[in-house]
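Heads up, the thing below is written out as structure tokens.
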Amino acid sequence: MDPVFWISLKNTLLFSLVGVPLNIALALLTAVILNQQFIRFKALFRIGFFIPVITTMVAVAVVWRWLYNPEFGIFNYFLSCVGLSPQNWLSDTTLVLPSLILMAVWKGFGYNMIVFIAALQSIPDCLYEAADIDGAGPFQQFVHITIPMLRKTTFFIVIMTTIGYLQFFAEPYIMTSGGPLNSSMSVVLYMYNHGFKFYNLGYCFGYRVCVVRDHLRVHLAAVQIRRENGGMRRDET
């Protein structure tokens, strides 16, 4: 089997394993902050965080290529301010994948943030009032009230975000074309190259069938876990 495929599979899994938790954690943290009563201009912040979601990847890539520019990019400017040497963010085999993950998280966390805000607003205030009376602090309320009440929403977000990150394509296609040395090659980009660049359609179709099969296995496993957890909770009650 082509060794580039295994490299692309490793990159896709690493992109998902790192990007999905970062995306969800940042979305939840932002949603909790924007859901506080003392925050002003909430609508403005929500719009600002959601705009990258609806912005085309081409426009986002133009901005982030400037940010990652090794000569006049803002990230290297910050490094120079603290006495560190500039980095070739998109040309270094060890930095290119983290750079794409950072861009993907920035672009996509706004959607999950909106979903979390909607779920947070559906939690009854009486639960937090009762916790205040019992002497629970903000962290205890977050752990014992907010997190359990967001269980179903979090499950939905984890599944949808994982699906999106496993379809890792637009970022390397526009920003790096899979380079350098295939260090940002993804499975979808690998299939795209074989199907529409090398015109090896049979090879591409075979891999596509395998990917669809694996996606179905993940979805069925998630549904089964969800059903088992639901059954266990019913048995406990």
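Residues in the structure tokens are named by chain (A, B, ... in the order shown) and by number from 1 within that chain; ligands are numbered from 1 in the order shown.
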Checklist entry - Quick one: residues within 9 Å of A:Val20, only C-alpha atoms counted, chain neighbours fewer than 2 positions away excluded, as a PyMOL selection string? => result chain A and resi 15-18+22-25+105+158+161-162+165
Item to check | Contacts of A:Pro70 at 10 Å (only C-alpha atoms; same-chain gap of 2+ positions) as a list in words | outcome: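 Close residues of A:Pro70: Arg65, Trp66, Leu67, Tyr68, Phe72, Gly73, Ile74, Phe75, Asn76, Tyr77, Pro86, Gln87, Asn88, Trp89, Leu90 and Ser91 of chain A.
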Give me a file of those residues, with N, CA, C and O atoms, as an mmCIF file, in the first residue's frame.
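See result-v8.cif below for the written result:
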```cif
data_model
loop_
_atom_site.group_PDB
_atom_site.id
_atom_site.type_symbol
_atom_site.label_atom_id
_atom_site.label_comp_id
_atom_site.auth_asym_id
_atom_site.auth_seq_id
_atom_site.Cartn_x
_atom_site.Cartn_y
_atom_site.Cartn_z
ATOM 1 N N ARG A 65 -2.574 33.097 5.860
ATOM 2 C CA ARG A 65 -1.277 33.035 5.180
ATOM 3 C C ARG A 65 -0.475 34.291 5.476
ATOM 4 O O ARG A 65 0.759 34.242 5.577
ATOM 5 N N TRP A 66 -1.156 35.419 5.604
ATOM 6 C CA TRP A 66 -0.459 36.642 5.999
ATOM 7 C C TRP A 66 0.007 36.553 7.452
ATOM 8 O O TRP A 66 1.124 36.967 7.784
ATOM 9 N N LEU A 67 -0.830 36.002 8.322
ATOM 10 C CA LEU A 67 -0.437 35.856 9.723
ATOM 11 C C LEU A 67 0.766 34.936 9.869
ATOM 12 O O LEU A 67 1.625 35.151 10.737
ATOM 13 N N TYR A 68 0.838 33.902 9.017
ATOM 14 C CA TYR A 68 1.928 32.938 9.086
ATOM 15 C C TYR A 68 3.133 33.311 8.217
ATOM 16 O O TYR A 68 4.092 32.540 8.149
ATOM 17 N N PHE A 72 6.870 39.020 7.398
ATOM 18 C CA PHE A 72 6.131 40.118 8.028
ATOM 19 C C PHE A 72 4.836 39.646 8.679
ATOM 20 O O PHE A 72 3.917 40.447 8.884
ATOM 21 N N GLY A 73 4.749 38.373 9.012
ATOM 22 C CA GLY A 73 3.568 37.863 9.683
ATOM 23 C C GLY A 73 3.506 38.302 11.134
ATOM 24 O O GLY A 73 4.533 38.533 11.786
ATOM 25 N N ILE A 74 2.295 38.394 11.659
ATOM 26 C CA ILE A 74 2.119 38.905 13.020
ATOM 27 C C ILE A 74 2.629 37.917 14.061
ATOM 28 O O ILE A 74 3.107 38.325 15.132
ATOM 29 N N PHE A 75 2.566 36.619 13.782
ATOM 30 C CA PHE A 75 3.056 35.639 14.753
ATOM 31 C C PHE A 75 4.573 35.746 14.924
ATOM 32 O O PHE A 75 5.080 35.690 16.048
ATOM 33 N N ASN A 76 5.278 35.906 13.831
ATOM 34 C CA ASN A 76 6.731 36.083 13.927
ATOM 35 C C ASN A 76 7.082 37.433 14.539
ATOM 36 O O ASN A 76 8.134 37.569 15.180
ATOM 37 N N TYR A 77 6.221 38.407 14.360
ATOM 38 C CA TYR A 77 6.452 39.702 15.009
ATOM 39 C C TYR A 77 6.383 39.551 16.519
ATOM 40 O O TYR A 77 7.221 40.108 17.249
ATOM 41 N N PRO A 86 12.218 33.906 14.137
ATOM 42 C CA PRO A 86 11.003 33.667 13.338
ATOM 43 C C PRO A 86 10.922 32.226 12.863
ATOM 44 O O PRO A 86 11.942 31.535 12.740
ATOM 45 N N GLN A 87 9.700 31.789 12.593
ATOM 46 C CA GLN A 87 9.450 30.415 12.181
ATOM 47 C C GLN A 87 8.791 30.388 10.807
ATOM 48 O O GLN A 87 8.030 31.290 10.451
ATOM 49 N N ASN A 88 9.094 29.344 10.058
ATOM 50 C CA ASN A 88 8.404 29.093 8.794
ATOM 51 C C ASN A 88 7.193 28.189 9.090
ATOM 52 O O ASN A 88 7.275 26.967 8.983
ATOM 53 N N TRP A 89 6.102 28.800 9.460
ATOM 54 C CA TRP A 89 4.972 28.060 9.998
ATOM 55 C C TRP A 89 4.417 27.041 9.010
ATOM 56 O O TRP A 89 4.068 25.924 9.409
ATOM 57 N N LEU A 90 4.329 27.397 7.750
ATOM 58 C CA LEU A 90 3.732 26.511 6.751
ATOM 59 C C LEU A 90 4.762 25.744 5.943
ATOM 60 O O LEU A 90 4.400 24.970 5.058
ATOM 61 N N SER A 91 6.038 25.946 6.228
ATOM 62 C CA SER A 91 7.101 25.246 5.509
ATOM 63 C C SER A 91 7.887 24.299 6.395
ATOM 64 O O SER A 91 8.764 23.591 5.900
#
```
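Taking only C-alpha atoms into account, A:Leu120 lies nearest to A:Leu150 out of the set A:Leu150, A:Met57, A:Met175, A:Val82.
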Select from stretch 25-62 of chain A every residue with an atom at most 12 Å from any atom of stretch 135-145 of chain A, then for each give the shortest pair of atoms and their distance in Å to one decimal, using only C-alpha atoms, rows by chain and rising number, as a Markdown table.
```
| residue | atom | partner | partner_atom | distance |
| --- | --- | --- | --- | --- |
| A:Leu28 | CA | A:Phe142 | CA | 11.1 |
| A:Leu29 | CA | A:Phe142 | CA | 10.9 |
| A:Val32 | CA | A:Phe142 | CA | 9.2 |
| A:Ile33 | CA | A:Phe142 | CA | 11.8 |
| A:Gln36 | CA | A:Pro138 | CA | 11.5 |
```
Next on the checklist: Going by DSSP on the backbone, which residues of stretch 8-234 of chain A come out as helix (DSSP H, G or I)? List them as number ranges by chain.
Outcome noted: A: 8-34, 42-54, 57-67, 74-81, 96-121, 125-133, 138-149, 151-166, 170-175, 187-197, 201-234
Next on the checklist: Set the distance at 12 Å and use only C-alpha atoms: which residues neighbour A:Gln121 once local chain neighbours fewer than 5 positions away are removed? I'd like the list as an MDAnalysis selection string.
Outcome noted: chainID A and resid 31:32 34:37 114:116 146 149:150
Checklist entry - Using only C-alpha atoms, which residue out of A:Ser122, A:Ser177, A:Ser8, A:Ser183 lies closest to A:Thr153? => result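 Result for the nearest residue to A:Thr153: A:Ser122.
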Checklist entry - What is the distance between atom CA of A:Glu171 and atom CA of A:Ala118, in Å to one decimal? => result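 Separation of atom CA of A:Glu171 and atom CA of A:Ala118: 28.7 Å.
With atom CA of A:Leu166 on one side and atom CA of A:Phe49 on the other, the separation reads 22.8 Å.
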Checklist outcome for this item: In Å and to one decimal, atom CA of A:Gly178 is distant from atom CA of A:Asn193 by 9.9 Å
Checklist entry - Taking only C-alpha atoms into account, which of A:Ala131, A:Ile147, A:Met185, A:Val62 comes nearest A:Ala119? => result A:Ile147
Next on the checklist: Between A:Cys126, A:Val187, A:Ile159, A:Met113, which residue has the minimum interatomic distance to A:Ala27, considering only C-alpha atoms?
Outcome noted: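 Going through A:Cys126, A:Val187, A:Ile159, A:Met113 one by one, the smallest distance to A:Ala27 is for A:Met113.
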Checklist outcome for this item: Between A:Leu79, A:Ile174, A:Leu13, A:Leu181, smallest distance to A:Thr56 by only C-alpha atoms belongs to A:Ile174
12 Å contact set for A:Asn182, only C-alpha atoms, chain neighbours under 3 positions out, as a PDB file with N, CA and C atoms, in the first residue's frame:
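What follows is the written file out.pdb:
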```pdb
ATOM      1  N   PRO A   3       2.740   4.328   0.953  1.00  0.00           N
ATOM      2  CA  PRO A   3       3.068   4.873   2.286  1.00  0.00           C
ATOM      3  C   PRO A   3       2.506   6.272   2.511  1.00  0.00           C
ATOM      4  N   VAL A   4       2.247   7.014   1.426  1.00  0.00           N
ATOM      5  CA  VAL A   4       1.662   8.351   1.586  1.00  0.00           C
ATOM      6  C   VAL A   4       0.271   8.264   2.202  1.00  0.00           C
ATOM      7  N   PHE A   5      -0.433   7.166   1.903  1.00  0.00           N
ATOM      8  CA  PHE A   5      -1.760   6.996   2.492  1.00  0.00           C
ATOM      9  C   PHE A   5      -1.674   6.904   4.009  1.00  0.00           C
ATOM     10  N   TRP A   6      -0.707   6.148   4.523  1.00  0.00           N
ATOM     11  CA  TRP A   6      -0.572   6.009   5.971  1.00  0.00           C
ATOM     12  C   TRP A   6      -0.173   7.339   6.596  1.00  0.00           C
ATOM     13  N   ILE A   7       0.638   8.111   5.882  1.00  0.00           N
ATOM     14  CA  ILE A   7       0.985   9.447   6.389  1.00  0.00           C
ATOM     15  C   ILE A   7      -0.252  10.332   6.443  1.00  0.00           C
ATOM     16  N   SER A   8      -1.065  10.279   5.390  1.00  0.00           N
ATOM     17  CA  SER A   8      -2.287  11.086   5.368  1.00  0.00           C
ATOM     18  C   SER A   8      -3.264  10.645   6.446  1.00  0.00           C
ATOM     19  N   LEU A   9      -3.336   9.331   6.694  1.00  0.00           N
ATOM     20  CA  LEU A   9      -4.217   8.833   7.749  1.00  0.00           C
ATOM     21  C   LEU A   9      -3.737   9.300   9.116  1.00  0.00           C
ATOM     22  N   LYS A  10      -2.433   9.245   9.339  1.00  0.00           N
ATOM     23  CA  LYS A  10      -1.887   9.719  10.614  1.00  0.00           C
ATOM     24  C   LYS A  10      -2.168  11.204  10.800  1.00  0.00           C
ATOM     25  N   ASN A  11      -1.983  11.994   9.752  1.00  0.00           N
ATOM     26  CA  ASN A  11      -2.238  13.434   9.846  1.00  0.00           C
ATOM     27  C   ASN A  11      -3.707  13.724  10.122  1.00  0.00           C
ATOM     28  N   THR A  12      -4.595  12.983   9.469  1.00  0.00           N
ATOM     29  CA  THR A  12      -6.027  13.203   9.675  1.00  0.00           C
ATOM     30  C   THR A  12      -6.436  12.848  11.096  1.00  0.00           C
ATOM     31  N   LEU A  90       4.329  27.397   7.750  1.00  0.00           N
ATOM     32  CA  LEU A  90       3.732  26.511   6.751  1.00  0.00           C
ATOM     33  C   LEU A  90       4.762  25.744   5.943  1.00  0.00           C
ATOM     34  N   SER A  91       6.038  25.946   6.228  1.00  0.00           N
ATOM     35  CA  SER A  91       7.101  25.246   5.509  1.00  0.00           C
ATOM     36  C   SER A  91       7.887  24.299   6.395  1.00  0.00           C
ATOM     37  N   ASP A  92       7.589  24.284   7.672  1.00  0.00           N
ATOM     38  CA  ASP A  92       8.260  23.405   8.621  1.00  0.00           C
ATOM     39  C   ASP A  92       7.399  22.162   8.830  1.00  0.00           C
ATOM     40  N   THR A  93       7.999  21.001   8.689  1.00  0.00           N
ATOM     41  CA  THR A  93       7.227  19.753   8.799  1.00  0.00           C
ATOM     42  C   THR A  93       6.660  19.534  10.194  1.00  0.00           C
ATOM     43  N   THR A  94       7.245  20.127  11.205  1.00  0.00           N
ATOM     44  CA  THR A  94       6.741  19.958  12.571  1.00  0.00           C
ATOM     45  C   THR A  94       5.736  21.030  12.967  1.00  0.00           C
ATOM     46  N   VAL A  96       3.610  22.758  10.542  1.00  0.00           N
ATOM     47  CA  VAL A  96       2.534  22.993   9.587  1.00  0.00           C
ATOM     48  C   VAL A  96       1.207  22.430  10.080  1.00  0.00           C
ATOM     49  N   LEU A  97       1.209  21.232  10.645  1.00  0.00           N
ATOM     50  CA  LEU A  97      -0.052  20.642  11.113  1.00  0.00           C
ATOM     51  C   LEU A  97      -0.625  21.399  12.317  1.00  0.00           C
ATOM     52  N   PRO A 172      -5.468  22.036   4.112  1.00  0.00           N
ATOM     53  CA  PRO A 172      -4.209  21.716   3.406  1.00  0.00           C
ATOM     54  C   PRO A 172      -4.289  21.973   1.909  1.00  0.00           C
ATOM     55  N   TYR A 173      -5.464  21.824   1.311  1.00  0.00           N
ATOM     56  CA  TYR A 173      -5.595  22.025  -0.128  1.00  0.00           C
ATOM     57  C   TYR A 173      -5.297  23.470  -0.502  1.00  0.00           C
ATOM     58  N   THR A 176      -1.371  24.575   1.872  1.00  0.00           N
ATOM     59  CA  THR A 176      -0.079  23.909   1.716  1.00  0.00           C
ATOM     60  C   THR A 176      -0.034  22.892   0.586  1.00  0.00           C
ATOM     61  N   SER A 177      -1.183  22.524   0.022  1.00  0.00           N
ATOM     62  CA  SER A 177      -1.257  21.466  -0.989  1.00  0.00           C
ATOM     63  C   SER A 177      -0.731  20.134  -0.465  1.00  0.00           C
ATOM     64  N   GLY A 178      -0.808  19.947   0.847  1.00  0.00           N
ATOM     65  CA  GLY A 178      -0.353  18.707   1.449  1.00  0.00           C
ATOM     66  C   GLY A 178       1.088  18.699   1.895  1.00  0.00           C
ATOM     67  N   GLY A 179       1.844  19.720   1.574  1.00  0.00           N
ATOM     68  CA  GLY A 179       3.243  19.775   1.938  1.00  0.00           C
ATOM     69  C   GLY A 179       3.471  20.442   3.283  1.00  0.00           C
ATOM     70  N   MET A 185      -0.664  16.315   4.489  1.00  0.00           N
ATOM     71  CA  MET A 185      -1.541  15.550   3.606  1.00  0.00           C
ATOM     72  C   MET A 185      -2.638  14.873   4.421  1.00  0.00           C
ATOM     73  N   SER A 186      -3.874  14.981   3.960  1.00  0.00           N
ATOM     74  CA  SER A 186      -5.006  14.339   4.620  1.00  0.00           C
ATOM     75  C   SER A 186      -5.539  13.218   3.730  1.00  0.00           C
ATOM     76  N   VAL A 187      -6.391  12.386   4.304  1.00  0.00           N
ATOM     77  CA  VAL A 187      -6.961  11.275   3.551  1.00  0.00           C
ATOM     78  C   VAL A 187      -7.815  11.785   2.399  1.00  0.00           C
ATOM     79  N   LEU A 189      -7.640  14.733   0.889  1.00  0.00           N
ATOM     80  CA  LEU A 189      -6.769  15.351  -0.111  1.00  0.00           C
ATOM     81  C   LEU A 189      -6.006  14.289  -0.888  1.00  0.00           C
ATOM     82  N   TYR A 190      -5.621  13.229  -0.213  1.00  0.00           N
ATOM     83  CA  TYR A 190      -4.944  12.118  -0.884  1.00  0.00           C
ATOM     84  C   TYR A 190      -5.850  11.490  -1.943  1.00  0.00           C
TER      85      TYR A 190
END
```
Next on the checklist: Just checking: using only C-alpha atoms, which residue out of A:Ser80, A:Asp2, A:Leu26, A:Gly108 ends up closest to A:Val53?
Outcome noted: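 Among the listed residues, A:Gly108 lies closest to A:Val53.
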